[in-house]
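Novice: Structure file data.txt, compact mmCIF, N, CA and C atoms, is pasted below:
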```
# COMPACT_ATOMS: atom_id res chain seq x y z
N MET A 868 107.36 128.02 125.66
CA MET A 868 105.98 128.37 125.39
C MET A 868 105.11 127.12 125.52
N ARG A 869 104.00 127.27 126.15
CA ARG A 869 103.06 126.16 126.37
C ARG A 869 102.34 125.82 125.07
N SER A 870 101.98 124.55 124.91
CA SER A 870 101.18 124.15 123.77
C SER A 870 100.11 123.16 124.22
N VAL A 871 99.00 123.15 123.49
CA VAL A 871 97.93 122.20 123.74
C VAL A 871 97.49 121.62 122.41
N THR A 872 96.85 120.49 122.46
CA THR A 872 96.31 119.85 121.27
C THR A 872 95.03 120.58 120.85
N ALA A 873 94.87 120.80 119.56
CA ALA A 873 93.65 121.44 119.06
C ALA A 873 92.44 120.66 119.55
N GLY A 874 91.44 121.37 120.00
CA GLY A 874 90.23 120.74 120.51
C GLY A 874 90.32 120.35 121.97
N SER A 875 91.42 120.69 122.64
CA SER A 875 91.54 120.38 124.07
C SER A 875 90.41 121.03 124.85
N GLU A 876 89.95 120.33 125.86
CA GLU A 876 88.88 120.83 126.70
C GLU A 876 89.35 120.96 128.13
N ASN A 877 88.69 121.83 128.86
CA ASN A 877 88.95 122.02 130.29
C ASN A 877 90.40 122.42 130.56
N VAL A 878 90.89 123.40 129.81
CA VAL A 878 92.25 123.89 129.99
C VAL A 878 92.27 124.96 131.08
N SER A 879 93.14 124.75 132.05
CA SER A 879 93.38 125.73 133.11
C SER A 879 94.82 126.19 132.99
N THR A 880 95.07 127.46 133.30
CA THR A 880 96.43 127.96 133.34
C THR A 880 96.65 128.64 134.69
N TYR A 881 97.91 128.84 135.01
CA TYR A 881 98.27 129.54 136.24
C TYR A 881 98.94 130.84 135.85
N VAL A 882 98.48 131.95 136.44
CA VAL A 882 99.02 133.26 136.10
C VAL A 882 99.51 133.95 137.37
N MET A 883 100.52 134.78 137.20
CA MET A 883 100.99 135.63 138.29
C MET A 883 100.29 136.97 138.18
N LEU A 884 99.60 137.37 139.24
CA LEU A 884 99.00 138.69 139.28
C LEU A 884 99.89 139.58 140.12
N VAL A 885 100.28 140.72 139.54
CA VAL A 885 101.17 141.64 140.24
C VAL A 885 100.57 143.04 140.25
N ASP A 886 100.85 143.75 141.32
CA ASP A 886 100.42 145.13 141.47
C ASP A 886 101.07 145.98 140.38
N SER A 887 100.27 146.76 139.67
CA SER A 887 100.79 147.53 138.55
C SER A 887 101.73 148.66 138.99
N ALA A 888 101.59 149.14 140.20
CA ALA A 888 102.46 150.23 140.68
C ALA A 888 103.76 149.70 141.29
N SER A 889 103.64 148.70 142.17
CA SER A 889 104.83 148.24 142.90
C SER A 889 105.50 147.03 142.25
N GLY A 890 104.76 146.27 141.46
CA GLY A 890 105.30 145.04 140.89
C GLY A 890 105.28 143.87 141.86
N ALA A 891 104.73 144.09 143.05
CA ALA A 891 104.67 143.03 144.07
C ALA A 891 103.56 142.04 143.73
N PRO A 892 103.74 140.77 144.11
CA PRO A 892 102.67 139.79 143.90
C PRO A 892 101.38 140.24 144.59
N GLU A 893 100.27 140.06 143.91
CA GLU A 893 98.97 140.48 144.42
C GLU A 893 98.30 139.32 145.14
N THR A 894 98.01 139.51 146.43
CA THR A 894 97.31 138.48 147.20
C THR A 894 95.95 139.02 147.60
N GLY A 895 95.01 138.10 147.75
CA GLY A 895 93.68 138.49 148.22
C GLY A 895 92.86 139.28 147.22
N TYR A 896 93.22 139.19 145.93
CA TYR A 896 92.48 139.95 144.92
C TYR A 896 91.07 139.37 144.77
N THR A 897 90.09 140.24 144.65
CA THR A 897 88.70 139.80 144.49
C THR A 897 88.51 139.24 143.08
N ILE A 898 88.24 137.95 143.00
CA ILE A 898 88.14 137.26 141.71
C ILE A 898 87.11 137.91 140.80
N ALA A 899 85.99 138.36 141.34
CA ALA A 899 84.94 138.97 140.52
C ALA A 899 85.41 140.24 139.82
N ASN A 900 86.55 140.80 140.25
CA ASN A 900 87.09 141.99 139.61
C ASN A 900 88.07 141.67 138.48
N LEU A 901 88.28 140.38 138.20
CA LEU A 901 89.16 139.99 137.10
C LEU A 901 88.37 139.91 135.80
N ASP A 902 88.97 140.43 134.74
CA ASP A 902 88.40 140.32 133.39
C ASP A 902 89.23 139.30 132.62
N LEU A 903 88.56 138.35 131.99
CA LEU A 903 89.22 137.30 131.22
C LEU A 903 88.84 137.44 129.75
N SER A 904 89.83 137.40 128.88
CA SER A 904 89.55 137.41 127.45
C SER A 904 90.68 136.70 126.73
N TYR A 905 90.45 136.40 125.46
CA TYR A 905 91.47 135.74 124.66
C TYR A 905 91.29 136.16 123.21
N VAL A 906 92.35 135.98 122.45
CA VAL A 906 92.27 136.21 121.01
C VAL A 906 93.01 135.07 120.32
N ARG A 907 92.30 134.45 119.37
CA ARG A 907 92.91 133.40 118.56
C ARG A 907 93.57 134.05 117.35
N GLU A 908 94.60 133.41 116.84
CA GLU A 908 95.37 133.95 115.73
C GLU A 908 94.46 134.42 114.59
N PHE A 909 94.64 135.67 114.16
CA PHE A 909 93.93 136.28 113.04
C PHE A 909 92.41 136.29 113.22
N ALA A 910 91.95 136.42 114.45
CA ALA A 910 90.51 136.45 114.72
C ALA A 910 90.19 137.65 115.62
N ALA A 911 88.94 137.96 115.72
CA ALA A 911 88.50 139.02 116.63
C ALA A 911 88.65 138.53 118.07
N PRO A 912 88.91 139.42 119.01
CA PRO A 912 89.02 138.98 120.41
C PRO A 912 87.69 138.48 120.94
N SER A 913 87.78 137.61 121.93
CA SER A 913 86.57 137.11 122.59
C SER A 913 85.90 138.25 123.34
N THR A 914 84.66 138.04 123.67
CA THR A 914 83.97 138.97 124.55
C THR A 914 84.55 138.80 125.94
N LYS A 915 84.82 139.89 126.62
CA LYS A 915 85.36 139.84 127.98
C LYS A 915 84.39 139.11 128.89
N ALA A 916 84.95 138.25 129.73
CA ALA A 916 84.15 137.55 130.74
C ALA A 916 84.59 138.01 132.12
N ASP A 917 83.64 138.28 132.98
CA ASP A 917 83.95 138.58 134.37
C ASP A 917 84.18 137.26 135.08
N ALA A 918 85.34 137.11 135.70
CA ALA A 918 85.66 135.86 136.38
C ALA A 918 84.72 135.64 137.57
N VAL A 919 84.49 134.38 137.85
CA VAL A 919 83.71 133.96 139.01
C VAL A 919 84.64 133.09 139.85
N ALA A 920 84.54 133.20 141.15
CA ALA A 920 85.44 132.46 142.03
C ALA A 920 85.11 130.97 142.06
N LEU A 921 86.15 130.15 141.96
CA LEU A 921 86.01 128.71 142.19
C LEU A 921 85.89 128.49 143.70
N GLY A 922 85.30 127.37 144.08
CA GLY A 922 85.13 127.08 145.50
C GLY A 922 86.43 126.70 146.21
N ALA A 923 87.31 126.01 145.48
CA ALA A 923 88.57 125.55 146.07
C ALA A 923 89.56 125.30 144.94
N THR A 924 90.83 125.21 145.28
CA THR A 924 91.84 124.94 144.26
C THR A 924 91.68 123.56 143.65
N THR A 925 90.96 122.68 144.32
CA THR A 925 90.74 121.32 143.82
C THR A 925 89.43 121.17 143.06
N THR A 926 88.66 122.24 142.94
CA THR A 926 87.39 122.20 142.21
C THR A 926 87.64 121.86 140.75
N GLU A 927 86.76 121.04 140.16
CA GLU A 927 86.88 120.69 138.75
C GLU A 927 86.83 121.95 137.89
N HIS A 928 87.40 121.85 136.69
CA HIS A 928 87.42 122.96 135.74
C HIS A 928 86.00 123.48 135.49
N THR A 929 85.86 124.79 135.52
CA THR A 929 84.61 125.46 135.18
C THR A 929 84.97 126.72 134.40
N ASP A 930 84.47 126.84 133.17
CA ASP A 930 84.84 127.95 132.30
C ASP A 930 84.69 129.31 132.98
N ASN A 931 85.69 130.16 132.73
CA ASN A 931 85.71 131.56 133.19
C ASN A 931 85.68 131.69 134.72
N ARG A 932 86.31 130.74 135.38
CA ARG A 932 86.42 130.80 136.83
C ARG A 932 87.89 130.92 137.20
N ALA A 933 88.15 131.38 138.41
CA ALA A 933 89.53 131.56 138.87
C ALA A 933 89.58 131.43 140.38
N ILE A 934 90.81 131.23 140.89
CA ILE A 934 91.01 131.14 142.33
C ILE A 934 92.47 131.44 142.65
N GLU A 935 92.67 132.06 143.79
CA GLU A 935 94.03 132.27 144.30
C GLU A 935 94.54 130.92 144.83
N ILE A 936 95.78 130.60 144.54
CA ILE A 936 96.32 129.29 144.93
C ILE A 936 96.72 129.25 146.41
N ASP A 937 97.57 130.16 146.85
CA ASP A 937 98.03 130.15 148.24
C ASP A 937 98.69 131.50 148.53
N ALA A 938 97.98 132.35 149.26
CA ALA A 938 98.45 133.72 149.51
C ALA A 938 99.71 133.77 150.36
N THR A 939 100.03 132.70 151.08
CA THR A 939 101.20 132.69 151.96
C THR A 939 102.44 132.13 151.28
N ASP A 940 102.30 130.97 150.66
CA ASP A 940 103.48 130.30 150.10
C ASP A 940 103.63 130.43 148.59
N MET A 941 102.60 130.93 147.91
CA MET A 941 102.66 131.12 146.45
C MET A 941 102.01 132.46 146.11
N GLU A 942 102.54 133.52 146.71
CA GLU A 942 101.97 134.85 146.56
C GLU A 942 101.80 135.23 145.10
N GLY A 943 100.59 135.67 144.76
CA GLY A 943 100.31 136.18 143.43
C GLY A 943 99.91 135.13 142.40
N LEU A 944 99.92 133.84 142.76
CA LEU A 944 99.59 132.79 141.79
C LEU A 944 98.10 132.47 141.83
N TYR A 945 97.48 132.52 140.64
CA TYR A 945 96.05 132.27 140.50
C TYR A 945 95.82 131.26 139.38
N ARG A 946 94.82 130.41 139.55
CA ARG A 946 94.39 129.47 138.50
C ARG A 946 93.24 130.11 137.73
N VAL A 947 93.28 129.99 136.40
CA VAL A 947 92.20 130.48 135.55
C VAL A 947 91.73 129.34 134.66
N ASP A 948 90.42 129.11 134.60
CA ASP A 948 89.82 128.08 133.76
C ASP A 948 89.24 128.74 132.50
N TRP A 949 89.74 128.31 131.35
CA TRP A 949 89.38 128.94 130.07
C TRP A 949 88.31 128.14 129.34
N PRO A 950 87.48 128.83 128.52
CA PRO A 950 86.46 128.11 127.76
C PRO A 950 87.09 127.27 126.64
N ASN A 951 86.44 126.18 126.29
CA ASN A 951 86.94 125.27 125.26
C ASN A 951 87.15 125.95 123.92
N LEU A 952 86.32 126.93 123.57
CA LEU A 952 86.44 127.60 122.28
C LEU A 952 87.81 128.25 122.08
N ALA A 953 88.48 128.61 123.15
CA ALA A 953 89.80 129.24 123.03
C ALA A 953 90.80 128.30 122.37
N PHE A 954 90.60 126.98 122.52
CA PHE A 954 91.58 126.00 122.05
C PHE A 954 91.05 125.13 120.91
N ALA A 955 89.96 125.57 120.29
CA ALA A 955 89.37 124.80 119.19
C ALA A 955 90.33 124.75 118.00
N ALA A 956 90.16 123.75 117.16
CA ALA A 956 90.95 123.64 115.93
C ALA A 956 90.66 124.87 115.05
N GLY A 957 91.62 125.18 114.19
CA GLY A 957 91.42 126.28 113.24
C GLY A 957 92.34 127.46 113.47
N ALA A 958 93.11 127.45 114.52
CA ALA A 958 94.10 128.51 114.78
C ALA A 958 95.35 127.83 115.32
N SER A 959 96.50 128.44 115.09
CA SER A 959 97.74 127.83 115.58
C SER A 959 98.16 128.38 116.94
N GLN A 960 97.49 129.44 117.40
CA GLN A 960 97.80 129.96 118.73
C GLN A 960 96.65 130.77 119.27
N VAL A 961 96.64 130.91 120.59
CA VAL A 961 95.67 131.74 121.29
C VAL A 961 96.43 132.53 122.36
N THR A 962 96.10 133.79 122.49
CA THR A 962 96.69 134.62 123.54
C THR A 962 95.64 134.86 124.61
N LEU A 963 95.98 134.48 125.84
CA LEU A 963 95.09 134.58 126.99
C LEU A 963 95.43 135.85 127.76
N TYR A 964 94.40 136.58 128.22
CA TYR A 964 94.61 137.90 128.81
C TYR A 964 93.78 138.03 130.09
N VAL A 965 94.44 138.32 131.20
CA VAL A 965 93.77 138.51 132.48
C VAL A 965 94.12 139.90 132.97
N LYS A 966 93.10 140.70 133.32
CA LYS A 966 93.38 142.04 133.83
C LYS A 966 92.43 142.38 134.97
N GLY A 967 92.83 143.37 135.73
CA GLY A 967 92.01 143.86 136.83
C GLY A 967 92.53 145.21 137.28
N VAL A 968 91.70 145.98 137.92
CA VAL A 968 92.08 147.31 138.41
C VAL A 968 93.27 147.18 139.35
N GLY A 969 94.31 147.94 139.10
CA GLY A 969 95.49 147.94 139.95
C GLY A 969 96.47 146.83 139.65
N LEU A 970 96.18 146.03 138.63
CA LEU A 970 97.06 144.91 138.26
C LEU A 970 97.74 145.17 136.93
N ALA A 971 98.95 144.65 136.79
CA ALA A 971 99.57 144.59 135.47
C ALA A 971 98.88 143.44 134.74
N PRO A 972 98.56 143.58 133.45
CA PRO A 972 97.91 142.48 132.74
C PRO A 972 98.78 141.23 132.75
N ALA A 973 98.14 140.08 132.90
CA ALA A 973 98.83 138.78 132.80
C ALA A 973 98.49 138.22 131.43
N VAL A 974 99.50 138.00 130.60
CA VAL A 974 99.30 137.59 129.22
C VAL A 974 100.13 136.34 128.94
N GLU A 975 99.52 135.36 128.27
CA GLU A 975 100.23 134.14 127.88
C GLU A 975 99.75 133.71 126.51
N THR A 976 100.68 133.40 125.62
CA THR A 976 100.33 132.84 124.33
C THR A 976 100.55 131.33 124.38
N VAL A 977 99.54 130.59 123.92
CA VAL A 977 99.57 129.14 123.92
C VAL A 977 99.48 128.66 122.48
N MET A 978 100.39 127.78 122.09
CA MET A 978 100.35 127.20 120.75
C MET A 978 99.28 126.11 120.72
N ILE A 979 98.52 126.05 119.62
CA ILE A 979 97.49 125.04 119.43
C ILE A 979 97.98 124.11 118.32
N GLY A 980 98.19 122.85 118.66
CA GLY A 980 98.76 121.92 117.69
C GLY A 980 97.82 120.82 117.29
N ALA A 981 98.19 120.13 116.23
CA ALA A 981 97.42 118.99 115.75
C ALA A 981 97.56 117.85 116.75
N PRO A 982 96.54 117.02 116.86
CA PRO A 982 96.66 115.85 117.74
C PRO A 982 97.83 114.97 117.32
N VAL A 983 98.49 114.39 118.28
CA VAL A 983 99.63 113.53 118.01
C VAL A 983 99.20 112.07 118.08
N ASP A 984 99.55 111.29 117.06
CA ASP A 984 99.26 109.86 117.05
C ASP A 984 100.43 109.17 117.74
N VAL A 985 100.22 108.81 118.99
CA VAL A 985 101.29 108.21 119.80
C VAL A 985 101.74 106.88 119.21
N THR A 986 100.82 106.12 118.61
CA THR A 986 101.24 104.83 118.05
C THR A 986 102.17 105.03 116.86
N ALA A 987 102.01 106.13 116.13
CA ALA A 987 102.91 106.39 115.00
C ALA A 987 104.32 106.71 115.50
N ILE A 988 104.42 107.28 116.68
CA ILE A 988 105.74 107.63 117.24
C ILE A 988 106.38 106.40 117.88
N SER A 989 105.62 105.69 118.70
CA SER A 989 106.20 104.60 119.48
C SER A 989 106.05 103.24 118.82
N GLY A 990 105.09 103.10 117.93
CA GLY A 990 104.82 101.81 117.33
C GLY A 990 104.03 100.89 118.24
N ASP A 991 103.72 101.35 119.44
CA ASP A 991 103.02 100.52 120.43
C ASP A 991 101.52 100.61 120.17
N THR A 992 100.89 99.51 119.87
CA THR A 992 99.45 99.49 119.62
C THR A 992 98.69 98.80 120.73
N SER A 993 99.35 98.51 121.86
CA SER A 993 98.65 97.82 122.96
C SER A 993 97.75 98.75 123.71
```
What is this file in structure tokens?
Specialist:
Amino acid sequence: MRSVTAGSENVSTYVMLVDSASGAPETGYTIANLDLSYVREFAAPSTKADAVALGATTTEHTDNRAIEIDATDMEGLYRVDWPNLAFAAGASQVTLYVKGVGLAPAVETVMIGAPVDVTAISGDTS
């Protein structure tokens, strides 16, 4: 299971989009037809956001945007950029949810942890 530090910003995840009927990887899906939402532990779900297409796979993080990675060599793999509020302190996990017509929902739970003091672990203060 993936984890991030509480308060992390500009978190992107990669999801597999698959056809709900055949189970085959979905290529060429229209990004504007993706619905993005999340729910933090013991909280109300976020308001659904309609995804907007990123310009390229190398584009900097932009909240509620997505892009297909490579329809030929990585069929069905899409990048999704999540809003910072999803990973704010105050919850120990967030469940990310991507859906679209004709797709099986893509769901991932991410653990939200306390910041780690690296100097306390390594003793290195340089």
Novice: Under the rule that all atoms listed in the file are counted, which of A:Lys966, A:Leu944, A:Ser904, A:Val961 is the nearest residue to Leu884 of chain A?
Specialist: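 Comparing A:Lys966, A:Leu944, A:Ser904, A:Val961 against Leu884 of chain A, the winner is A:Leu944.
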Novice: Go ahead and compute the interatomic distance for atom CA of Arg869 of chain A and atom CA of Ile979 of chain A, in Å to one decimal.
Specialist: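 Atom-to-atom, atom CA of Arg869 of chain A and atom CA of Ile979 of chain A are spaced 9.0 Å apart.
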Novice: For Trp949 of chain A, which residue out of A:Val906, A:Glu876, A:Met868, A:Gly969 is the nearest one, using all atoms listed in the file?
Specialist: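 Looking at the shortest contact to Trp949 of chain A, the residue is A:Glu876.
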Novice: Skip segment 930-943 of chain A itself and residues of its chain fewer than 6 positions away, then list as a PyMOL selection string all residues within 9 Å of it, counting only C-alpha atoms.
Specialist: chain A and resi 877-879+881-885+891-896+898-899+901+903+916-924+949-951
Novice: To one decimal place, how far is atom C of Ala981 of chain A from atom C of Ala953 of chain A in Å?
Specialist: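 These atoms are spaced 13.7 Å apart.
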Novice: Using only C-alpha atoms, find the one residue out of A:Gly957, A:Gly980, A:Gly967, A:Pro972 that sits nearest to Thr897 of chain A.
Specialist: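 Using only C-alpha atoms, the shortest distance to Thr897 of chain A belongs to A:Gly967.
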Novice: May I have all residues of segment 869-993 of chain A that DSSP, computed from the backbone, assigns to strand (DSSP E or B), given as an NGL selection string?
Specialist: :A and (870-872 or 879-883 or 885-886 or 892 or 902-907 or 916-917 or 919-920 or 932-937 or 941-948 or 960-966 or 970-971 or 973-980)
Novice: Determine the axis-aligned bounding box of all atoms of segment 874-880 of chain A present in the file, pad each side by 6 Å, and express its centre and edge lengths in Å to one decimal place as AutoDock Vina command-line options.
Specialist:
```
--center_x 92.7 --center_y 124.5 --center_z 127.3 --size_x 20.0 --size_y 20.3 --size_z 26.7
```
Novice: Go ahead and compute the interatomic distance for atom CA of Ala973 of chain A and atom CA of Lys915 of chain A, in Å to one decimal.
Specialist: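 Separation of atom CA of Ala973 of chain A and atom CA of Lys915 of chain A: 14.3 Å.
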